[in-house]
file protein27.csv (CSV, C-alpha atoms and all ligand atoms)
chain,number,residue,atom,x,y,z
E,29,MET,CA,23.5,-195.6,-151.0
E,30,ASN,CA,25.5,-192.8,-152.5
E,31,PHE,CA,24.1,-189.8,-154.4
E,32,HIS,CA,26.4,-187.7,-156.6
E,33,VAL,CA,24.9,-184.4,-157.7
E,34,MET,CA,26.3,-182.3,-160.5
E,35,THR,CA,25.1,-178.8,-159.9
E,36,LEU,CA,26.0,-175.1,-160.0
E,37,PHE,CA,24.4,-174.6,-156.5
E,38,PRO,CA,25.7,-177.3,-154.2
E,39,GLU,CA,24.5,-175.4,-151.1
E,40,GLN,CA,20.9,-175.5,-152.2
E,41,ILE,CA,21.1,-179.3,-152.2
E,42,ASN,CA,23.1,-179.6,-149.0
E,43,ASN,CA,21.0,-177.1,-147.0
E,44,CYS,CA,17.8,-178.9,-147.9
E,45,LEU,CA,19.0,-182.4,-147.1
E,46,LYS,CA,21.0,-181.7,-143.9
E,47,GLU,CA,17.7,-181.3,-142.0
E,48,SER,CA,15.4,-183.9,-140.5
E,49,ILE,CA,15.3,-187.6,-141.6
E,50,THR,CA,17.7,-187.2,-144.6
E,51,GLY,CA,20.1,-185.3,-142.3
E,52,ARG,CA,20.1,-188.1,-139.8
E,53,ALA,CA,20.6,-190.7,-142.5
E,54,ILE,CA,23.7,-188.7,-143.8
E,55,ASN,CA,25.1,-188.5,-140.2
E,56,ASN,CA,24.5,-192.2,-139.7
E,57,GLY,CA,26.3,-193.0,-142.9
E,58,LEU,CA,23.2,-194.7,-144.4
E,59,ILE,CA,23.3,-192.4,-147.4
E,60,SER,CA,25.9,-189.9,-148.7
E,61,VAL,CA,25.3,-186.9,-150.8
E,62,ASN,CA,28.4,-185.8,-152.7
E,63,THR,CA,27.8,-182.5,-154.5
E,64,VAL,CA,30.1,-181.8,-157.5
E,65,ASN,CA,30.2,-178.1,-158.5
E,66,ILE,CA,30.1,-178.0,-162.3
E,67,ARG,CA,31.7,-174.5,-162.1
E,68,ASP,CA,34.9,-176.1,-160.8
E,69,PHE,CA,35.3,-177.7,-164.3
E,70,SER,CA,35.0,-174.4,-166.2
E,71,ASP,CA,37.6,-173.9,-168.9
E,72,ASN,CA,38.0,-170.2,-168.4
E,73,LYS,CA,39.2,-167.8,-165.8
E,74,TYR,CA,35.7,-166.3,-165.3
E,75,GLY,CA,34.2,-169.6,-164.2
E,76,HIS,CA,31.6,-169.4,-167.0
E,77,VAL,CA,30.0,-172.7,-167.9
E,78,ASP,CA,27.2,-171.4,-170.2
E,79,ASP,CA,27.1,-169.8,-173.7
E,80,TYR,CA,24.7,-168.6,-176.4
E,81,THR,CA,22.5,-171.1,-178.3
E,82,TYR,CA,23.5,-172.0,-181.9
E,83,GLY,CA,20.7,-171.1,-184.2
E,84,GLY,CA,19.6,-168.2,-182.1
E,85,GLY,CA,17.0,-167.8,-179.4
E,86,ALA,CA,16.8,-166.3,-176.0
E,87,GLY,CA,18.8,-167.5,-173.0
E,88,MET,CA,22.0,-169.4,-172.3
E,89,LEU,CA,22.8,-173.1,-172.5
E,90,MET,CA,25.1,-175.1,-170.2
E,91,GLN,CA,28.2,-176.2,-172.2
E,92,PRO,CA,29.0,-179.9,-172.5
E,93,GLY,CA,32.7,-179.8,-171.4
E,94,PRO,CA,32.4,-178.9,-167.7
E,95,ILE,CA,29.5,-181.4,-167.3
E,96,TYR,CA,31.5,-184.1,-169.1
E,97,ASP,CA,34.5,-183.4,-166.8
E,98,ALA,CA,32.4,-183.3,-163.7
E,99,TYR,CA,31.0,-186.7,-164.6
E,100,GLN,CA,34.4,-188.1,-165.2
E,101,SER,CA,35.5,-187.0,-161.8
E,102,ILE,CA,32.7,-189.0,-160.3
E,103,ARG,CA,33.7,-192.1,-162.2
E,104,ILE,CA,37.2,-191.7,-161.1
E,105,LYS,CA,36.1,-191.3,-157.4
E,106,LEU,CA,34.1,-194.5,-157.7
E,107,GLY,CA,37.1,-196.3,-159.2
E,108,LEU,CA,35.3,-196.9,-162.5
E,109,PRO,CA,37.3,-196.9,-165.7
E,110,LYS,CA,37.0,-193.7,-167.7
E,111,GLY,CA,35.9,-195.6,-170.8
E,112,ASP,CA,35.2,-193.8,-174.0
E,113,LEU,CA,32.4,-191.4,-173.1
E,114,MET,CA,31.8,-190.5,-176.6
E,115,ASP,CA,30.5,-194.1,-177.0
E,116,LYS,CA,28.1,-194.9,-174.2
E,117,THR,CA,28.1,-198.6,-175.1
E,118,SER,CA,31.9,-198.8,-174.4
E,119,LEU,CA,31.5,-198.2,-170.7
E,120,ASP,CA,31.8,-201.6,-168.9
E,121,LYS,CA,29.4,-200.6,-166.1
E,122,PRO,CA,27.0,-197.8,-167.0
E,123,LEU,CA,26.3,-195.6,-164.0
E,124,ARG,CA,22.7,-194.5,-163.5
E,125,VAL,CA,22.6,-190.8,-164.4
E,126,LEU,CA,19.4,-188.9,-163.9
E,127,TYR,CA,18.9,-185.6,-165.6
E,128,MET,CA,16.3,-183.4,-164.0
E,129,THR,CA,14.1,-181.9,-166.7
E,130,PRO,CA,10.4,-181.1,-167.3
E,131,GLN,CA,10.8,-183.1,-170.5
E,132,GLY,CA,11.5,-186.3,-168.5
E,133,THR,CA,9.4,-189.2,-167.3
E,134,PRO,CA,7.1,-188.1,-164.5
E,135,PHE,CA,8.6,-189.3,-161.2
E,136,THR,CA,6.6,-192.0,-159.3
E,137,GLN,CA,7.0,-194.1,-156.2
E,138,LYS,CA,7.8,-197.1,-158.5
E,139,MET,CA,10.7,-195.2,-159.9
E,140,ALA,CA,11.9,-194.3,-156.4
E,141,GLU,CA,11.9,-198.1,-155.6
E,142,ASP,CA,13.8,-198.8,-158.8
E,143,PHE,CA,16.5,-196.2,-158.0
E,144,SER,CA,16.8,-197.3,-154.4
E,145,LYS,CA,18.3,-200.6,-155.7
E,146,GLU,CA,21.4,-198.8,-157.0
E,147,GLU,CA,24.5,-198.3,-154.9
E,148,ASN,CA,25.3,-195.1,-156.7
E,149,ILE,CA,23.0,-192.6,-158.4
E,150,VAL,CA,24.4,-189.6,-160.3
E,151,ILE,CA,22.0,-186.6,-160.7
E,152,LEU,CA,22.6,-183.8,-163.2
E,153,CYS,CA,20.9,-180.5,-162.4
E,154,GLY,CA,20.4,-178.1,-165.3
E,155,HIS,CA,20.1,-174.4,-165.2
E,156,TYR,CA,19.6,-171.4,-167.6
E,157,GLU,CA,17.8,-172.6,-170.7
E,158,GLY,CA,19.0,-176.1,-170.6
E,159,VAL,CA,22.1,-178.3,-171.4
E,160,ASP,CA,23.9,-179.0,-174.7
E,161,GLU,CA,22.3,-182.1,-176.1
E,162,ARG,CA,25.6,-183.9,-176.9
E,163,VAL,CA,26.6,-184.5,-173.3
E,164,LEU,CA,23.1,-185.5,-172.3
E,165,GLU,CA,23.0,-188.1,-175.1
E,166,ARG,CA,26.2,-189.6,-173.9
E,167,ILE,CA,25.9,-189.8,-170.1
E,168,VAL,CA,22.2,-189.6,-169.1
E,169,THR,CA,20.4,-192.9,-168.5
E,170,ASP,CA,17.1,-191.5,-167.2
E,171,ASN,CA,15.3,-188.2,-167.9
E,172,VAL,CA,13.2,-187.4,-164.9
E,173,SER,CA,10.5,-184.7,-164.3
E,174,ILE,CA,8.8,-184.0,-161.0
E,175,GLY,CA,5.7,-182.6,-162.7
E,176,ASP,CA,4.3,-180.6,-165.5
E,177,PHE,CA,5.6,-177.2,-164.5
E,178,VAL,CA,8.9,-175.4,-165.0
E,179,LEU,CA,11.2,-174.6,-162.2
E,180,THR,CA,14.3,-172.3,-162.3
E,181,GLY,CA,16.7,-175.3,-162.0
E,182,GLY,CA,17.1,-179.0,-161.3
E,183,GLU,CA,18.3,-178.6,-157.7
E,184,LEU,CA,14.9,-178.7,-156.0
E,185,PRO,CA,13.8,-181.7,-158.1
E,186,ALA,CA,17.0,-183.5,-157.3
E,187,THR,CA,16.4,-183.0,-153.5
E,188,ILE,CA,12.9,-184.4,-154.0
E,189,ILE,CA,14.3,-187.5,-155.7
E,190,ILE,CA,17.0,-188.0,-153.1
E,191,ASP,CA,14.4,-187.7,-150.3
E,192,ALA,CA,12.0,-190.1,-151.9
E,193,VAL,CA,14.7,-192.7,-152.6
E,194,SER,CA,16.5,-192.3,-149.3
E,195,ARG,CA,13.4,-193.2,-147.2
E,196,LEU,CA,13.3,-196.5,-149.0
E,197,VAL,CA,16.9,-197.3,-147.9
E,198,PRO,CA,16.8,-199.8,-145.0
E,199,GLY,CA,17.3,-198.1,-141.7
E,200,VAL,CA,16.6,-194.6,-142.9
E,201,LEU,CA,13.1,-194.5,-141.4
E,202,GLY,CA,12.4,-195.5,-137.8
E,203,CYS,CA,9.6,-198.1,-137.4
E,204,ASP,CA,7.1,-195.4,-136.4
E,205,GLU,CA,7.8,-193.3,-139.5
E,206,SER,CA,7.7,-196.1,-142.0
E,207,ALA,CA,4.3,-197.4,-140.8
E,208,VAL,CA,2.6,-194.1,-141.4
E,209,TYR,CA,3.1,-194.2,-145.2
E,210,GLU,CA,2.6,-197.8,-146.0
E,211,SER,CA,-0.9,-197.6,-147.3
E,212,PHE,CA,0.4,-195.6,-150.3
E,213,TYR,CA,2.0,-198.8,-151.6
E,214,ASP,CA,-1.4,-200.2,-152.1
E,215,GLY,CA,-1.9,-197.5,-154.7
E,216,LEU,CA,-4.5,-195.7,-152.5
E,217,LEU,CA,-4.2,-192.4,-150.7
E,218,GLU,CA,-3.8,-192.3,-146.9
E,219,TYR,CA,-7.0,-192.4,-144.7
E,220,PRO,CA,-7.6,-189.5,-142.4
E,221,GLN,CA,-5.8,-189.6,-139.0
E,222,TYR,CA,-6.5,-188.0,-135.6
E,223,THR,CA,-4.6,-187.4,-132.3
E,224,ARG,CA,-5.6,-185.8,-129.0
E,225,PRO,CA,-7.8,-184.1,-128.0
E,226,VAL,CA,-10.8,-186.3,-128.7
E,227,ASP,CA,-12.9,-183.1,-129.0
E,228,PHE,CA,-11.4,-180.2,-130.9
E,229,MET,CA,-13.8,-177.2,-130.9
E,230,GLY,CA,-16.7,-179.6,-131.1
E,231,ALA,CA,-15.3,-181.8,-133.8
E,232,ARG,CA,-14.9,-185.3,-132.5
E,233,VAL,CA,-12.6,-188.1,-133.4
E,234,PRO,CA,-14.8,-190.8,-135.2
E,235,ASP,CA,-16.1,-193.2,-132.6
E,236,VAL,CA,-14.8,-196.3,-134.4
E,237,LEU,CA,-11.2,-195.2,-133.8
E,238,LEU,CA,-11.8,-195.0,-130.0
E,239,SER,CA,-13.5,-198.4,-129.9
E,240,GLY,CA,-10.3,-200.5,-129.7
E,241,HIS,CA,-12.0,-202.9,-132.3
E,242,HIS,CA,-9.1,-203.5,-134.7
E,243,LYS,CA,-11.1,-205.2,-137.4
E,244,ASN,CA,-13.6,-202.4,-137.6
E,245,ILE,CA,-10.9,-199.8,-137.5
E,246,ASN,CA,-9.1,-201.4,-140.4
E,247,GLU,CA,-12.3,-201.6,-142.4
E,248,TRP,CA,-13.1,-198.0,-141.7
E,249,ARG,CA,-9.6,-196.9,-142.8
E,250,LYS,CA,-9.8,-198.9,-146.0
E,251,GLN,CA,-13.2,-197.4,-146.7
E,252,LYS,CA,-11.9,-193.9,-146.1
E,253,SER,CA,-8.9,-194.5,-148.3
E,254,LEU,CA,-11.1,-195.6,-151.1
E,255,GLU,CA,-13.4,-192.7,-150.7
E,256,ARG,CA,-10.6,-190.2,-150.5
E,257,THR,CA,-8.8,-191.7,-153.6
E,258,LYS,CA,-12.0,-191.7,-155.6
E,259,GLU,CA,-12.6,-188.1,-154.8
E,260,ARG,CA,-9.1,-186.6,-155.0
E,261,ARG,CA,-7.4,-188.9,-157.5
E,262,PRO,CA,-9.9,-190.6,-159.8
E,263,ASP,CA,-7.0,-191.8,-162.0
E,264,LEU,CA,-5.5,-193.8,-159.1
E,265,TYR,CA,-8.9,-195.1,-158.1
E,266,GLU,CA,-9.7,-196.4,-161.6
E,267,LYS,CA,-6.3,-198.1,-161.7
E,268,TYR,CA,-6.8,-199.7,-158.3
E,269,ILE,CA,-10.3,-201.0,-159.1
E,270,ASN,CA,-9.1,-202.4,-162.5
E,271,GLU,CA,-6.1,-204.1,-161.0
E,272,LYS,CA,-8.3,-205.7,-158.2
E,273,THR,CA,-10.9,-207.0,-160.7
E,274,GLU,CA,-8.3,-208.4,-163.2
E,301,LIG,N1,13.8,-178.5,-164.0
E,301,LIG,C1,13.0,-177.5,-164.2
E,301,LIG,N2,11.7,-177.9,-164.0
E,301,LIG,C2,11.7,-179.2,-163.7
E,301,LIG,C3,10.7,-180.2,-163.4
E,301,LIG,N3,9.4,-179.9,-163.4
E,301,LIG,N4,11.1,-181.4,-163.1
E,301,LIG,C4,12.4,-181.8,-163.2
E,301,LIG,N5,13.4,-180.9,-163.4
E,301,LIG,C5,13.1,-179.6,-163.7

call {"tool": "encode", "arguments": {"input": "protein27.csv", "output": "structure tokens"}}
result
Amino acid sequence: MNFHVMTLFPEQINNCLKESITGRAINNGLISVNTVNIRDFSDNKYGHVDDYTYGGGAGMLMQPGPIYDAYQSIRIKLGLPKGDLMDKTSLDKPLRVLYMTPQGTPFTQKMAEDFSKEENIVILCGHYEGVDERVLERIVTDNVSIGDFVLTGGELPATIIIDAVSRLVPGVLGCDESAVYESFYDGLLEYPQYTRPVDFMGARVPDVLLSGHHKNINEWRKQKSLERTKERRPDLYEKYINEKTE
């Protein structure tokens, strides 16, 4: 699976992803992260890619040209025809292009699963006050938010998307790692877990987990998952209960 990230800060993306499980997946060739520096496509000798907003208002906006050209360079790299980018429907094979924005659809595990089916994903990271609407209209297929708060740019959100999607790519997680998170797929939060010592400053591991009785352990875990979800995420709990009783 290949990620192509259009950004003004490629190092922020690369530094984040080169560590840990994503770093191992990159080294093993299971995923690739190709950062494309939008500044390389600036049309002036200063390397500027932003300008004032028509109609007034504070802040600078990213110009459409450099982003358009950066996107074209990715299409060329993938061997895709240039097409007429001014008409999205004329492209024979639309590429999935995610624009990271607080105005997007809130990112979920289900979206991560959907994105993980693509061979190539392009991610556009905005900066300053935003991006000229004309280029967004023509190349973006998905507007994605990582939550109802505003960050300084799309780089951290992009690394979050890449992390969540990568761990669904076969082989990226070892068996031990994948098992740990499986219960989330049920729509419930993870149950509490314990490791050694059995007694930590007087707080003991629940007896049932030491019993070796797998049926009881599974029941206890399911019960704790339900309790935890009800307490911390009543929205998810309602959804789970409604789906089970349908
Ligand atoms: N860029 C700035 N804030 C963001 C957010 N919450 N989600 C996605 N991209 C963003």

call {"tool": "closest_residue", "arguments": {"input": "protein27.csv", "among": "E:Gly215, E:Pro185, E:Gly154, E:Pro109", "to": "Lys138 in chain E", "atoms": "only C-alpha atoms"}}
result
E:Gly215

call {"tool": "closest_residue", "arguments": {"input": "protein27.csv", "among": "E:Val159, E:Leu126, E:Met229, E:Met139", "to": "Gly87 in chain E", "atoms": "all atoms listed in the file"}}
result
E:Val159

call {"tool": "residues_near_ligand", "arguments": {"input": "protein27.csv", "ligand": "ligand LIG 301 (chain E)", "cutoff": "12 Å", "atoms": "only C-alpha atoms and all ligand atoms", "output": "VMD selection string"}}
result
chain E and resid 126 to 135 151 to 159 170 to 189

call {"tool": "closest_residue", "arguments": {"input": "protein27.csv", "among": "E:Leu237, E:Ala192, E:Val150, E:Cys44", "to": "Thr223 in chain E", "atoms": "all atoms listed in the file"}}
result
E:Leu237

call {"tool": "closest_residue", "arguments": {"input": "protein27.csv", "among": "E:Asp227, E:Asp191, E:Asp78, E:Asp97", "to": "Phe143 in chain E", "atoms": "all atoms listed in the file"}}
result
E:Asp191

call {"tool": "atom_distance", "arguments": {"input": "protein27.csv", "atom1": "CA of Leu164 in chain E", "atom2": "CA of Leu45 in chain E"}}
result
25.7 Å

call {"tool": "residues_around", "arguments": {"input": "protein27.csv", "residues": "Arg249 in chain E", "least_positions_apart": "4", "cutoff": "9 Å", "atoms": "all atoms listed in the file", "output": "MDAnalysis selection string"}}
result
chainID E and resid 218:220 244:245 253:254

call {"tool": "write_last_selection", "arguments": {"input": "protein27.csv", "atoms": "C-alpha atoms", "output": "CSV table (one decimal), in the coordinates of the input"}}
result
chain,number,residue,atom,x,y,z
E,218,GLU,CA,-3.8,-192.3,-146.9
E,219,TYR,CA,-7.0,-192.4,-144.7
E,220,PRO,CA,-7.6,-189.5,-142.4
E,244,ASN,CA,-13.6,-202.4,-137.6
E,245,ILE,CA,-10.9,-199.8,-137.5
E,253,SER,CA,-8.9,-194.5,-148.3
E,254,LEU,CA,-11.1,-195.6,-151.1

call {"tool": "closest_residue", "arguments": {"input": "protein27.csv", "among": "E:Ile190, E:Val226, E:Ala231, E:Met34", "to": "Ile102 in chain E", "atoms": "all atoms listed in the file"}}
result
E:Met34
